[in-house]
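With compact mmCIF, C-alpha atoms inside, this is coords-v6.txt:
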```txt
# COMPACT_ATOMS: atom_id res chain seq x y z
CA MET N 26 92.00 41.88 101.44
CA SER N 27 91.70 38.39 99.95
CA THR N 28 88.49 37.44 98.18
CA GLU N 29 86.35 34.47 99.14
CA PHE N 30 84.82 33.26 95.88
CA PRO N 31 81.60 31.23 96.20
CA ASP N 32 82.41 29.28 93.02
CA GLU N 33 85.65 28.03 91.49
CA ARG N 34 84.69 28.94 87.92
CA LEU N 35 83.81 32.46 88.96
CA LYS N 36 87.20 32.77 90.61
CA LEU N 37 88.90 31.61 87.40
CA LEU N 38 86.96 34.16 85.35
CA PHE N 39 88.35 36.97 87.48
CA VAL N 40 91.83 35.43 87.32
CA CYS N 41 91.66 35.39 83.50
CA ALA N 42 90.80 39.10 83.46
CA HIS N 43 94.44 39.87 84.32
CA PRO N 44 95.33 43.49 83.39
CA ALA N 45 98.49 42.36 81.60
CA ILE N 46 96.44 40.42 79.03
CA ASP N 47 95.08 42.22 75.96
CA PRO N 48 91.59 43.38 77.06
CA ALA N 49 90.17 42.32 73.70
CA MET N 50 91.14 38.72 74.55
CA HIS N 51 89.87 38.59 78.12
CA THR N 52 86.42 37.31 77.25
CA PRO N 53 87.45 34.85 74.49
CA LEU N 54 90.04 33.31 76.82
CA MET N 55 87.50 32.99 79.62
CA LEU N 56 84.95 31.41 77.32
CA GLN N 57 87.41 28.81 76.10
CA THR N 58 89.50 28.00 79.17
CA VAL N 59 86.89 28.35 81.92
CA LEU N 60 83.48 27.80 80.32
CA GLY N 61 84.58 25.33 77.64
CA LEU N 62 83.21 26.99 74.50
CA ASP N 63 85.00 26.05 71.31
CA ALA N 64 86.62 28.57 68.97
CA GLY N 65 83.76 28.29 66.49
CA ARG N 66 81.08 29.39 68.92
CA ILE N 67 83.29 32.13 70.34
CA ALA N 68 83.99 33.33 66.81
CA HIS N 69 80.26 33.51 66.05
CA ALA N 70 79.68 35.60 69.17
CA PHE N 71 82.37 38.06 68.07
CA LEU N 72 81.36 38.04 64.39
CA VAL N 73 84.68 36.74 63.06
CA PRO N 74 85.62 33.53 61.19
CA PRO N 75 86.48 30.53 63.41
CA LYS N 76 90.01 30.38 61.97
CA THR N 77 90.60 34.01 62.91
CA MET N 78 89.42 33.48 66.48
CA GLY N 79 91.52 30.33 66.77
CA GLN N 80 94.60 32.27 65.70
CA ARG N 81 93.83 35.08 68.16
CA LEU N 82 93.45 32.64 71.02
CA PHE N 83 96.72 30.91 70.10
CA ARG N 84 98.61 34.22 69.96
CA ALA N 85 97.12 35.34 73.27
CA LYS N 86 98.16 32.13 75.00
CA THR N 87 101.64 32.40 73.48
CA LYS N 88 102.02 35.95 74.81
CA ILE N 89 100.89 34.82 78.26
CA ARG N 90 103.46 32.02 78.26
CA ASP N 91 106.33 34.04 76.82
CA GLY N 92 105.57 37.05 79.01
CA GLY N 93 105.63 34.97 82.15
CA ILE N 94 102.27 36.36 83.28
CA GLN N 95 101.47 34.99 86.72
CA PHE N 96 97.83 34.18 87.31
CA GLU N 97 96.95 35.09 90.87
CA ILE N 98 93.66 35.32 92.70
CA PRO N 99 92.72 39.01 92.63
CA GLN N 100 92.22 40.98 95.82
CA GLU N 101 88.78 42.36 96.60
CA ARG N 102 89.91 45.86 95.59
CA ASP N 103 90.83 44.54 92.12
CA LEU N 104 87.43 43.06 91.29
CA PRO N 105 85.68 46.20 89.95
CA GLU N 106 88.31 46.81 87.25
CA ARG N 107 87.90 43.21 86.05
CA LEU N 108 84.12 43.12 86.29
CA ASP N 109 83.22 44.21 82.74
CA ALA N 110 85.17 41.34 81.19
CA VAL N 111 83.57 38.84 83.56
CA LEU N 112 80.09 40.17 82.83
CA GLU N 113 80.67 39.79 79.11
CA ALA N 114 82.01 36.25 79.55
CA ILE N 115 78.85 35.29 81.45
CA TYR N 116 76.53 37.03 78.99
CA VAL N 117 77.96 35.54 75.78
CA PRO N 118 77.00 31.90 76.57
CA SER N 119 73.48 33.02 77.48
CA GLU N 120 73.15 35.02 74.27
CA SER N 121 74.62 32.16 72.24
CA ALA N 122 72.13 29.73 73.74
CA GLY N 123 69.30 32.08 72.89
CA THR N 124 70.10 32.87 69.28
CA THR N 125 72.45 30.34 67.69
CA CYS N 126 72.12 27.07 69.59
CA LEU N 127 69.84 24.54 67.95
CA ALA N 128 70.23 21.53 70.26
CA LEU N 129 67.51 22.01 72.87
CA THR N 130 69.26 20.29 75.79
CA ALA N 131 72.60 21.95 75.05
CA CYS N 132 70.89 25.34 74.79
CA ARG N 133 69.11 24.93 78.09
CA ASP N 134 72.24 23.73 79.88
CA LEU N 135 74.32 26.62 78.54
CA ALA N 136 71.74 29.25 79.47
CA GLU N 137 71.10 27.79 82.91
CA GLU N 138 74.82 27.70 83.67
CA ALA N 139 75.20 31.33 82.63
CA ILE N 140 72.26 32.40 84.80
CA TRP N 141 73.65 30.42 87.73
CA LEU N 142 77.01 32.16 87.37
CA ALA N 143 75.27 35.53 87.30
CA ARG N 144 73.43 34.67 90.51
CA VAL N 145 76.69 33.64 92.17
CA LEU N 146 78.36 36.83 90.95
CA LEU N 147 75.53 38.87 92.47
CA GLN N 148 76.13 37.04 95.74
CA LEU N 149 79.80 38.07 95.55
CA MET N 150 79.12 41.68 94.51
CA PRO N 151 75.57 42.53 95.68
CA SER N 152 76.06 46.29 95.40
CA GLU N 153 77.02 46.24 91.71
CA ALA N 154 74.04 47.39 89.66
CA GLU N 155 75.48 46.00 86.43
CA VAL N 156 75.55 42.49 87.89
CA GLN N 157 71.91 42.60 88.95
CA GLY N 158 70.96 44.17 85.63
CA LEU N 159 72.75 41.44 83.70
CA LEU N 160 70.93 38.76 85.65
CA ALA N 161 67.61 40.45 84.90
CA LEU N 162 68.46 40.59 81.19
CA MET N 163 69.34 36.90 81.04
CA LEU N 164 66.24 35.89 82.98
CA HIS N 165 64.03 37.84 80.57
CA SER N 166 65.77 36.16 77.64
CA GLU N 167 65.51 32.66 79.11
CA ALA N 168 61.83 33.21 79.90
CA ARG N 169 61.13 33.27 76.16
CA ARG N 170 63.00 30.08 75.26
CA SER N 171 59.91 27.98 74.45
CA ALA N 172 58.59 30.66 72.10
CA ARG N 173 61.88 31.34 70.35
CA ARG N 174 61.71 28.49 67.82
CA ALA N 175 58.86 27.43 65.57
CA LEU N 176 58.02 23.75 65.13
CA ASP N 177 60.13 23.66 61.95
CA GLY N 178 63.15 25.11 63.82
CA ARG N 179 62.75 28.61 62.41
CA TYR N 180 63.85 31.42 64.73
CA VAL N 181 60.86 33.49 65.90
CA PRO N 182 61.67 37.15 66.63
CA LEU N 183 60.42 38.69 69.84
CA SER N 184 57.69 40.71 68.14
CA GLU N 185 56.16 37.53 66.67
CA GLN N 186 56.35 35.29 69.72
CA ASP N 187 53.32 33.96 71.59
CA PRO N 188 53.50 35.46 75.11
CA LYS N 189 51.53 32.48 76.45
CA GLN N 190 54.66 30.40 75.90
CA TRP N 191 56.84 32.65 78.05
CA SER N 192 57.84 31.67 81.59
CA LEU N 193 56.04 34.00 83.98
CA PRO N 194 58.15 32.99 87.04
CA LEU N 195 61.37 33.96 85.24
CA ILE N 196 59.85 37.25 84.06
CA GLU N 197 58.70 38.03 87.59
CA GLU N 198 62.15 37.26 88.98
CA ALA N 199 63.76 39.51 86.38
CA GLU N 200 61.37 42.35 87.16
CA ARG N 201 62.07 42.02 90.88
CA HIS N 202 65.73 42.64 90.18
CA LEU N 203 64.93 45.64 88.01
CA ALA N 204 62.59 47.01 90.69
CA GLU N 205 65.35 46.66 93.29
CA LEU N 206 67.71 48.55 91.02
CA SER N 207 65.17 51.31 90.59
CA SER N 208 64.41 51.59 94.30
CA ALA N 209 68.12 51.65 95.08
CA GLY N 210 68.54 54.67 92.84
CA ALA N 211 70.44 52.97 90.03
CA PRO N 212 71.30 55.36 87.16
CA ALA N 213 68.42 55.96 84.78
CA GLY N 214 70.70 56.36 81.78
CA PHE N 215 72.38 53.62 79.80
CA SER N 216 76.05 53.42 80.67
CA SER N 217 76.50 50.15 78.79
CA LYS N 218 75.00 48.08 76.00
CA LEU N 219 73.79 45.57 78.61
CA GLN N 220 71.77 48.25 80.42
CA PHE N 221 70.13 49.27 77.15
CA SER N 222 69.44 45.66 76.14
CA ARG N 223 67.79 44.73 79.41
CA TYR N 224 65.55 47.80 79.28
CA ILE N 225 64.37 47.07 75.73
CA LEU N 226 63.77 43.40 76.51
CA SER N 227 61.88 44.25 79.69
CA VAL N 228 59.57 46.64 77.82
CA HIS N 229 58.86 44.13 75.06
CA THR N 230 58.28 41.29 77.50
CA LEU N 231 55.94 43.18 79.80
CA THR N 232 53.87 44.61 76.98
CA GLY N 233 53.43 41.17 75.45
CA PRO N 234 50.92 39.46 77.76
CA THR N 235 48.94 42.58 78.62
CA GLY N 236 49.32 44.89 75.62
CA ARG N 237 50.57 47.64 77.89
CA ARG N 238 53.48 48.38 80.20
```
Step by step, read the file and then write its structure as structure tokens.
Amino acid sequence: MSTEFPDERLKLLFVCAHPAIDPAMHTPLMLQTVLGLDAGRIAHAFLVPPKTMGQRLFRAKTKIRDGGIQFEIPQERDLPERLDAVLEAIYVPSESAGTTCLALTACRDLAEEAIWLARVLLQLMPSEAEVQGLLALMLHSEARRSARRALDGRYVPLSEQDPKQWSLPLIEEAERHLAELSSAGAPAGFSSKLQFSRYILSVHTLTGPTGRR
């Protein structure tokens, strides 16, 4: 069954998660070719030198060309096996905007685009708990943007932030998603690093304004 994608960029993310491509290069390729991140920012996200990431991207593109890999729109049945790579590609820009981006407008734009893509992905795959959990994680992170930098530009860790600067509407939206996951019987364990991250961030955020969970 063919898939009706609600957004062209989301469709391209799933196209780039082709099983014939080295899985380790799925996300870097998506970030560069679809979301427009440069090799330097991608390299920072993957903790490697920019030159190394540039070489990896070049080799991956060469293999795609020489191997004659045909990029086709995946069928609906193929989406779950490509989902992890797409989730990571959406999460990396949000995380980059939250921790390494210093230009305020660029940070906000990058984070908002990532959150928008997560919302569209949830529209496409509403029964996938990982998608809803990822959106909750990014909303919690974005809610703290105003408190994340001191006046002198210094990064302020979560434990030292002023909860009064957090965005309550974003926190409430994130918690609604987590509540829906809980009521739907989503697994209580942590099957991925994203599940663990969103739980920790939720606990820290909710204990901030009130002093208790």
statement: His69 (chain N) proximity check over N:Leu193, N:Pro44, N:Ile98, N:Glu120, using only C-alpha atoms: winner is N:Glu120
Between CA of Gly61 (chain N) and CA of Pro118 (chain N), distance in Å (one decimal):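 So the two atoms, CA of Gly61 (chain N) and CA of Pro118 (chain N), lie 10.1 Å apart.
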- line: Separating CA of Ala199 (chain N) from CA of Asp187 (chain N), to the nearest tenth of an Å, is a gap of 18.9 Å
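For the pair CA of Gln100 (chain N) and CA of Val40 (chain N), the separation is 10.2 Å.
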message: Between N:Arg201, N:Lys189, N:His51, N:Arg169, which residue has the minimum interatomic distance to Val111 (chain N), considering all atoms listed in the file?
response: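 Among the listed residues, the smallest separation from Val111 (chain N) belongs to N:His51.
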message: I want to know what sits within 6 Å of Val156 (chain N), based on all atoms listed in the file, with residues of the same chain fewer than 3 positions away left out; could you give that as an MDAnalysis selection string?
response: chainID N and resid 147 153 159
field: Residue nearest Thr52 (chain N) among N:Met163, N:Leu37, N:Glu197, N:Gly178 (counting all atoms listed in the file)
entry: N:Leu37
Nearest-residue call for Glu205 (chain N), choices N:Pro151, N:Thr58, N:Cys41, N:Leu112, using only C-alpha atoms: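 Result for the nearest residue to Glu205 (chain N): N:Pro151.
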What would region 32-47 of chain N look like with N, CA, C and O atoms in place, written as a PDB file, in the coordinates of the input?
```pdb
ATOM      1  N   ASP N  32      82.376  30.294  94.079  1.00  0.00           N
ATOM      2  CA  ASP N  32      82.410  29.280  93.020  1.00  0.00           C
ATOM      3  C   ASP N  32      83.776  29.302  92.353  1.00  0.00           C
ATOM      4  O   ASP N  32      84.337  30.369  92.098  1.00  0.00           O
ATOM      5  N   GLU N  33      84.313  28.124  92.065  1.00  0.00           N
ATOM      6  CA  GLU N  33      85.650  28.030  91.490  1.00  0.00           C
ATOM      7  C   GLU N  33      85.706  28.622  90.081  1.00  0.00           C
ATOM      8  O   GLU N  33      86.672  29.295  89.720  1.00  0.00           O
ATOM      9  N   ARG N  34      84.679  28.395  89.276  1.00  0.00           N
ATOM     10  CA  ARG N  34      84.690  28.940  87.920  1.00  0.00           C
ATOM     11  C   ARG N  34      84.628  30.457  87.929  1.00  0.00           C
ATOM     12  O   ARG N  34      85.285  31.120  87.114  1.00  0.00           O
ATOM     13  N   LEU N  35      83.865  31.010  88.852  1.00  0.00           N
ATOM     14  CA  LEU N  35      83.810  32.460  88.960  1.00  0.00           C
ATOM     15  C   LEU N  35      85.173  33.025  89.333  1.00  0.00           C
ATOM     16  O   LEU N  35      85.603  34.056  88.797  1.00  0.00           O
ATOM     17  N   LYS N  36      85.850  32.344  90.222  1.00  0.00           N
ATOM     18  CA  LYS N  36      87.200  32.770  90.610  1.00  0.00           C
ATOM     19  C   LYS N  36      88.127  32.758  89.389  1.00  0.00           C
ATOM     20  O   LYS N  36      88.885  33.711  89.161  1.00  0.00           O
ATOM     21  N   LEU N  37      88.038  31.714  88.575  1.00  0.00           N
ATOM     22  CA  LEU N  37      88.900  31.610  87.400  1.00  0.00           C
ATOM     23  C   LEU N  37      88.576  32.692  86.367  1.00  0.00           C
ATOM     24  O   LEU N  37      89.473  33.165  85.657  1.00  0.00           O
ATOM     25  N   LEU N  38      87.318  33.081  86.272  1.00  0.00           N
ATOM     26  CA  LEU N  38      86.960  34.160  85.350  1.00  0.00           C
ATOM     27  C   LEU N  38      87.669  35.457  85.752  1.00  0.00           C
ATOM     28  O   LEU N  38      88.225  36.161  84.897  1.00  0.00           O
ATOM     29  N   PHE N  39      87.673  35.765  87.021  1.00  0.00           N
ATOM     30  CA  PHE N  39      88.350  36.970  87.480  1.00  0.00           C
ATOM     31  C   PHE N  39      89.871  36.844  87.328  1.00  0.00           C
ATOM     32  O   PHE N  39      90.556  37.827  87.022  1.00  0.00           O
ATOM     33  N   VAL N  40      90.397  35.649  87.508  1.00  0.00           N
ATOM     34  CA  VAL N  40      91.830  35.430  87.320  1.00  0.00           C
ATOM     35  C   VAL N  40      92.216  35.684  85.861  1.00  0.00           C
ATOM     36  O   VAL N  40      93.240  36.309  85.566  1.00  0.00           O
ATOM     37  N   CYS N  41      91.377  35.230  84.931  1.00  0.00           N
ATOM     38  CA  CYS N  41      91.660  35.390  83.500  1.00  0.00           C
ATOM     39  C   CYS N  41      91.551  36.841  83.034  1.00  0.00           C
ATOM     40  O   CYS N  41      92.034  37.173  81.949  1.00  0.00           O
ATOM     41  N   ALA N  42      90.923  37.686  83.825  1.00  0.00           N
ATOM     42  CA  ALA N  42      90.800  39.100  83.460  1.00  0.00           C
ATOM     43  C   ALA N  42      92.024  39.888  83.932  1.00  0.00           C
ATOM     44  O   ALA N  42      91.928  41.050  84.311  1.00  0.00           O
ATOM     45  N   HIS N  43      93.167  39.262  83.875  1.00  0.00           N
ATOM     46  CA  HIS N  43      94.440  39.870  84.320  1.00  0.00           C
ATOM     47  C   HIS N  43      94.714  41.130  83.497  1.00  0.00           C
ATOM     48  O   HIS N  43      94.605  41.114  82.264  1.00  0.00           O
ATOM     49  N   PRO N  44      95.096  42.239  84.133  1.00  0.00           N
ATOM     50  CA  PRO N  44      95.330  43.490  83.390  1.00  0.00           C
ATOM     51  C   PRO N  44      96.471  43.435  82.395  1.00  0.00           C
ATOM     52  O   PRO N  44      96.531  44.268  81.487  1.00  0.00           O
ATOM     53  N   ALA N  45      97.368  42.460  82.531  1.00  0.00           N
ATOM     54  CA  ALA N  45      98.490  42.360  81.600  1.00  0.00           C
ATOM     55  C   ALA N  45      98.104  41.682  80.286  1.00  0.00           C
ATOM     56  O   ALA N  45      98.861  41.717  79.308  1.00  0.00           O
ATOM     57  N   ILE N  46      96.927  41.090  80.242  1.00  0.00           N
ATOM     58  CA  ILE N  46      96.440  40.420  79.030  1.00  0.00           C
ATOM     59  C   ILE N  46      95.681  41.441  78.192  1.00  0.00           C
ATOM     60  O   ILE N  46      94.984  42.310  78.713  1.00  0.00           O
ATOM     61  N   ASP N  47      95.813  41.336  76.874  1.00  0.00           N
ATOM     62  CA  ASP N  47      95.080  42.220  75.960  1.00  0.00           C
ATOM     63  C   ASP N  47      93.596  42.195  76.326  1.00  0.00           C
ATOM     64  O   ASP N  47      92.967  41.132  76.312  1.00  0.00           O
TER      65      ASP N  47
END
```
